[in-house]
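Here is the structure we will look at.
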Amino acid sequence: MQIHILQVRTRNSDRSNKDTNGGFGTVNDFGKSIPVWLLKKIKNLSMNFPEIQPAYIHSLLKQQGYTVTYSENILEPNADLYLLQSSIISYADEIRWAKKIRKEFPGKKIGFFGGMCTANPDLFLEHADFVVKGEIENILLDESLCDFHGIVEAGNVKDLDNLPFPDWSHVNSWPRYTQWLRKNRGKSIPILSSRGCPMSCRYYCTYPLVQGVKFRTRSPENMVAEIEYLIKKFQMHSAIFRDPIFSLDIKRIDQFCDLLLQKHLNFTWICETHPRYLDRNIIKKMALAGCTAIKIGVESGNDRVLSHSHRAVADFNHQEEMIRYCEENDINILAFYILGYFTDTLETIQQTIQYAISLNTLGAQFTIATPYPGTPWHNELNKQNILYQLDPDFAHYNQYSLVYRHPNLTERQINSLKEKAYQKYYYRWGYFKKHFLC
């Protein structure tokens, strides 16, 4: 039996990835002005990597003895079953391709998996034989796709060490990590070392919605074994850990770094975490073990805005101390900021932009607060939809568009603030001096 993984891509000039944003996917859209367009092009070239979930599925299905093929926007006439990764950014095109399969190859079985159909299975069910709700890897450990129908409750993988390593043999040309922040500019790949996020920002964040709030981890030994596999099988010497909070268990990361150092692997990596789960000792160890950059969610420079958004208020002193210590140890910082929180005003957004400039990290990303369908925030706004007028087209829920009527700011104001944030941050002497002259 042949199973074909069909990855549907919406054709535009913006880089997209369906693994990001908890499996809902994101599309880079910083703005329309020429200076911001140039920044977007640099980001598109430098932060480009394939999705990891199809690679896990590929590995599990091959273990079960299936013939597995993969393509992007190309139908496979010999396939018996089509699998499509769902997303919010391309959901309309994904459904359109499912209809196309039905028309051109009647009788072929169709299934959806991924973050968007986990949170919103009914959106896809009409156009498929089955929709997997949860982590498809979990049910593929014990069951066959041939038996799936309707909404399949997959649940979550309890022991991540039981998963085989992702199979990347379907990737024909590896994107090269050309980002200026990296010491080596070779091929790079995503790795997941944990799933689940217990943080309070689940009020608006999709990671707990899709992966749950229980923090599940791989052992340090299993993580290092995958790195050795990537080096041997694919000549890979660089990775980006896609965990929501990589260092939530600092002891585990300490052991992971010790193993990397003991094995003297020529391997560099990036991770994402929260400043609360960093200290000087682990930062030093991570730097020695090959960590070249850390992504952190700063989100806002106003503690009142953070509190009203159900996010734990930052310890700004600790946050800045950790950022500076990372930089002292040659670990670059990419900071994330969200503009247009529900209680944001013109003044608080300007405060966030100025705070970002004061931190002056190598990277800064400014997105727009988005109430994703399935989150508590979206549910609350939807109850008063006459007032807040949620955008019915989920394709606009891409992190860079205002999709509801904001109580304090217009869509035009927020889009303008987003573009100004990128221009003010990157096009200034202080940024160029720190990161390119020192």
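We name chains A, B, ... following the order of the structure tokens; residues begin at 1 in each chain, and ligands are numbered from 1 as shown.
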
task: Please provide as a VMD selection string all residues within 10 Å of A:Cys146, with the sequence filter that same-chain residues fewer than 3 positions apart are discarded (counting only C-alpha atoms).
output: chain A and resid 1 3 80 to 81 109 143 149

Near-A:Ala154 list (8 Å; only C-alpha atoms; drop same-chain fewer than 2 positions) as a tab-separated table (two decimals) with N, CA and C atoms, in the first residue's frame:
```tsv
chain	number	residue	atom	x	y	z
A	132	VAL	N	-7.34	13.41	12.06
A	132	VAL	CA	-6.66	13.00	13.29
A	132	VAL	C	-6.60	14.18	14.25
A	133	LYS	N	-7.20	14.00	15.41
A	133	LYS	CA	-7.21	15.01	16.45
A	133	LYS	C	-6.21	14.62	17.53
A	134	GLY	N	-5.15	15.39	17.66
A	134	GLY	CA	-4.07	15.06	18.59
A	134	GLY	C	-2.79	14.76	17.83
A	135	GLU	N	-1.89	14.08	18.48
A	135	GLU	CA	-0.58	13.78	17.88
A	135	GLU	C	-0.68	12.47	17.11
A	136	ILE	N	-0.67	12.56	15.79
A	136	ILE	CA	-0.83	11.39	14.94
A	136	ILE	C	0.24	10.34	15.22
A	138	ASN	N	1.25	9.32	18.00
A	138	ASN	CA	0.84	8.47	19.11
A	138	ASN	C	0.04	7.27	18.64
A	139	ILE	N	-0.91	7.50	17.76
A	139	ILE	CA	-1.77	6.40	17.31
A	139	ILE	C	-1.06	5.52	16.29
A	152	VAL	N	-10.55	10.93	14.52
A	152	VAL	CA	-9.72	9.95	15.21
A	152	VAL	C	-9.06	10.64	16.39
A	156	ASN	N	-1.98	12.15	23.05
A	156	ASN	CA	-0.61	12.64	23.01
A	156	ASN	C	0.37	11.53	23.34
```

task: Extract, using only C-alpha atoms, all DNA, RNA and protein residues at most 8 Å from A:Asp303, discarding same-chain residues fewer than 3 positions from it, and format them as a list in words.
output: Ser300, Leu306, Ser307, Val313 and Ala314 of chain A

field: Selection: 9 Å around A:Ala98, only C-alpha atoms, excl. self and same-chain fewer than 6 positions, as a PyMOL selection string
entry: chain A and resi 82+84+110-111+127-128

Stretch 371-386 of chain A environment, 9 Å, only C-alpha atoms, sequence neighbours closer than 2 positions dropped, as an MDAnalysis selection string: chainID A and resid 24 88 116 119:120 202:206 209 369 388:390 394 397 403:404

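The list of residues with at least one atom within 7 Å of A:Tyr337, based on only C-alpha atoms and without residues fewer than 3 positions apart in the same chain, reads Gly297, Val298, Glu299, Ser300, Gln365, Phe366 and Thr367 of chain A.
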
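The environment of A:Arg216 within 8 Å, counting only C-alpha atoms and disregarding residues fewer than 2 places along the same chain, consists of Lys158, Asp159, Leu160, Ser194, Arg195, Gly196, Lys214 and Arg218 of chain A.
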
Those residues with N, CA and C atoms, as a PDB file, in the first residue's frame please?
```pdb
ATOM      1  N   LYS A 158       2.996   9.712  25.222  1.00  0.00           N
ATOM      2  CA  LYS A 158       3.379   9.804  26.640  1.00  0.00           C
ATOM      3  C   LYS A 158       4.888   9.745  26.817  1.00  0.00           C
ATOM      4  N   ASP A 159       5.534   8.816  26.122  1.00  0.00           N
ATOM      5  CA  ASP A 159       6.981   8.652  26.224  1.00  0.00           C
ATOM      6  C   ASP A 159       7.598   8.994  24.865  1.00  0.00           C
ATOM      7  N   LEU A 160       8.166  10.187  24.745  1.00  0.00           N
ATOM      8  CA  LEU A 160       8.701  10.641  23.463  1.00  0.00           C
ATOM      9  C   LEU A 160       9.912   9.831  23.014  1.00  0.00           C
ATOM     10  N   SER A 194      10.912  18.142  23.402  1.00  0.00           N
ATOM     11  CA  SER A 194       9.832  18.108  24.383  1.00  0.00           C
ATOM     12  C   SER A 194       8.551  18.573  23.723  1.00  0.00           C
ATOM     13  N   ARG A 195       7.434  18.281  24.356  1.00  0.00           N
ATOM     14  CA  ARG A 195       6.127  18.752  23.889  1.00  0.00           C
ATOM     15  C   ARG A 195       5.292  19.135  25.105  1.00  0.00           C
ATOM     16  N   GLY A 196       4.337  20.020  24.870  1.00  0.00           N
ATOM     17  CA  GLY A 196       3.475  20.475  25.952  1.00  0.00           C
ATOM     18  C   GLY A 196       4.018  21.723  26.608  1.00  0.00           C
ATOM     19  N   LYS A 214       0.650  19.406  29.770  1.00  0.00           N
ATOM     20  CA  LYS A 214       1.610  18.539  30.450  1.00  0.00           C
ATOM     21  C   LYS A 214       2.944  18.553  29.701  1.00  0.00           C
ATOM     22  N   ARG A 218      11.997  14.242  26.072  1.00  0.00           N
ATOM     23  CA  ARG A 218      12.897  13.162  25.671  1.00  0.00           C
ATOM     24  C   ARG A 218      14.093  13.163  26.610  1.00  0.00           C
TER      25      ARG A 218
END
```
